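Participant: Would you mind keeping the following structure in view while I ask a few things?
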Amino acid sequence: KIDSKAHRAKGSAKDILYSDIDVFRLLPSDKRLHFFQNIRDEAHNQAIEFHRKQKIKSDKKISLLAISGIGEAKMKKLISYFGSFEAIENAQLDELELVISQKDAKLVFDYFN
């Protein structure tokens, strides 16, 4: 793995800037190239952070902890048995009852259906 900042600092940058008018090939030591590389890197970091936050939000929505009466221990049991949230969501009532009590299985089943 190459540290991109160190790689650029050594003059090995191969970035080319395109515009509607022309293509710009700046020297690796050119401050303007470094400016655009920093903008690109920051935009990339912001996009990654945005998608991480979206993923966390969606994970919380399907979290079993949102179900009243289902705590961390029961959630771990279900995940351990079914392997994923999707499998729990698609499970039938009798399958859920194999892992947790009938009352709790009904709560989970009703929540997803």
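Just so we're on the same page: first chain in the structure tokens is A, next is B, and so on; residues restart at 1 for each chain, and ligands are numbered from 1 in the order they show up.
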How would you write, as a count of residues only, the set of residues in chain A that DSSP gives as helix (DSSP H, G or I)?

Facilitator: 73

Participant: So, counting only C-alpha atoms, which residue among A:Val23, A:Ala105, A:Ile48, A:Ile16 is closest to A:Ile67?

Facilitator: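 Among the listed residues, A:Ala105 lies closest to A:Ile67.
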
Participant: What does the distance from atom CA of A:Gly69 to atom CA of A:Asn113 come to in Å, to one decimal?

Facilitator: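 Computed distance, atom CA of A:Gly69 to atom CA of A:Asn113, equals 17.0 Å.
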
Participant: Write out as a PyMOL selection string each polymer residue whose atoms come within 12 Å of A:Glu89, counting only C-alpha atoms; drop sequence neighbours fewer than 4 positions from it.

Facilitator: chain A and resi 62-64+78-79+82-85+93+95-96+105+107-113

Participant: For each of A:Asp104, A:Ser68, A:Met75, A:Leu17, take the minimum atom-to-atom distance to A:Arg40, counting only C-alpha atoms, then give the residue where this is smallest.

Facilitator: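 Under the stated criterion, the closest residue is A:Leu17.
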
Participant: Using only C-alpha atoms, which protein or nucleic acid residues come within 12 Å of A:Arg32? Drop anything in the same chain fewer than 6 positions from it, and give the result as a ChimeraX atom specification.

Facilitator: /A:15-17,24-26,38-39

Participant: Identify, with DSSP run on backbone atoms, the residues in chain A assigned to strand (DSSP E), and express the list as a list in words.

Facilitator: Leu17, Tyr18, Val23 and Phe24 of chain A

Participant: For the residues selected in the previous step, produce a file with all heavy atoms as a PDB file, in the first residue's frame.

Facilitator:
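The result, written out as result05.pdb:
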```pdb
ATOM      1  N   LEU A  17      -5.775  16.967 -15.401  1.00  0.00           N
ATOM      2  CA  LEU A  17      -6.973  17.780 -15.205  1.00  0.00           C
ATOM      3  C   LEU A  17      -7.649  18.007 -16.550  1.00  0.00           C
ATOM      4  O   LEU A  17      -7.003  18.425 -17.518  1.00  0.00           O
ATOM      5  CB  LEU A  17      -6.606  19.124 -14.569  1.00  0.00           C
ATOM      6  CG  LEU A  17      -5.841  19.044 -13.236  1.00  0.00           C
ATOM      7  CD1 LEU A  17      -5.437  20.429 -12.778  1.00  0.00           C
ATOM      8  CD2 LEU A  17      -6.692  18.373 -12.191  1.00  0.00           C
ATOM      9  N   TYR A  18      -8.941  17.725 -16.628  1.00  0.00           N
ATOM     10  CA  TYR A  18      -9.704  17.903 -17.852  1.00  0.00           C
ATOM     11  C   TYR A  18     -10.672  19.065 -17.690  1.00  0.00           C
ATOM     12  O   TYR A  18     -11.286  19.232 -16.650  1.00  0.00           O
ATOM     13  CB  TYR A  18     -10.504  16.633 -18.165  1.00  0.00           C
ATOM     14  CG  TYR A  18      -9.650  15.423 -18.408  1.00  0.00           C
ATOM     15  CD1 TYR A  18      -9.308  14.572 -17.365  1.00  0.00           C
ATOM     16  CD2 TYR A  18      -9.173  15.136 -19.673  1.00  0.00           C
ATOM     17  CE1 TYR A  18      -8.515  13.456 -17.586  1.00  0.00           C
ATOM     18  CE2 TYR A  18      -8.381  14.018 -19.902  1.00  0.00           C
ATOM     19  CZ  TYR A  18      -8.053  13.180 -18.857  1.00  0.00           C
ATOM     20  OH  TYR A  18      -7.269  12.083 -19.079  1.00  0.00           O
ATOM     21  N   VAL A  23      -6.955  19.864 -21.919  1.00  0.00           N
ATOM     22  CA  VAL A  23      -6.441  18.906 -20.937  1.00  0.00           C
ATOM     23  C   VAL A  23      -5.171  19.515 -20.353  1.00  0.00           C
ATOM     24  O   VAL A  23      -4.300  19.974 -21.090  1.00  0.00           O
ATOM     25  CB  VAL A  23      -6.112  17.556 -21.604  1.00  0.00           C
ATOM     26  CG1 VAL A  23      -5.475  16.609 -20.606  1.00  0.00           C
ATOM     27  CG2 VAL A  23      -7.353  16.944 -22.213  1.00  0.00           C
ATOM     28  N   PHE A  24      -5.078  19.537 -19.038  1.00  0.00           N
ATOM     29  CA  PHE A  24      -3.924  20.136 -18.371  1.00  0.00           C
ATOM     30  C   PHE A  24      -3.082  19.047 -17.732  1.00  0.00           C
ATOM     31  O   PHE A  24      -3.569  18.251 -16.939  1.00  0.00           O
ATOM     32  CB  PHE A  24      -4.379  21.120 -17.286  1.00  0.00           C
ATOM     33  CG  PHE A  24      -5.173  22.273 -17.820  1.00  0.00           C
ATOM     34  CD1 PHE A  24      -6.556  22.218 -17.855  1.00  0.00           C
ATOM     35  CD2 PHE A  24      -4.532  23.389 -18.309  1.00  0.00           C
ATOM     36  CE1 PHE A  24      -7.290  23.279 -18.353  1.00  0.00           C
ATOM     37  CE2 PHE A  24      -5.259  24.459 -18.810  1.00  0.00           C
ATOM     38  CZ  PHE A  24      -6.631  24.401 -18.843  1.00  0.00           C
TER      39      PHE A  24
END
```

Participant: Could you tell me how far atom CA of A:Ser29 lies from atom CA of A:Glu42, in Å and to one decimal?

Facilitator: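 Separation between atom CA of A:Ser29 and atom CA of A:Glu42: 19.5 Å.
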
Participant: Give the answer as one residue: which of A:Ala91, A:Gln54, A:Ile100, A:Asp59 has the shortest atom-to-atom distance to A:Ala73, using only C-alpha atoms?

Facilitator: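 Of the candidates, the smallest distance to A:Ala73 is held by A:Ile100.
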
Participant: Can you tell me how far atom CA of A:Lys76 sits from atom CA of A:Leu98, in Å to one decimal?

Facilitator: 14.2 Å
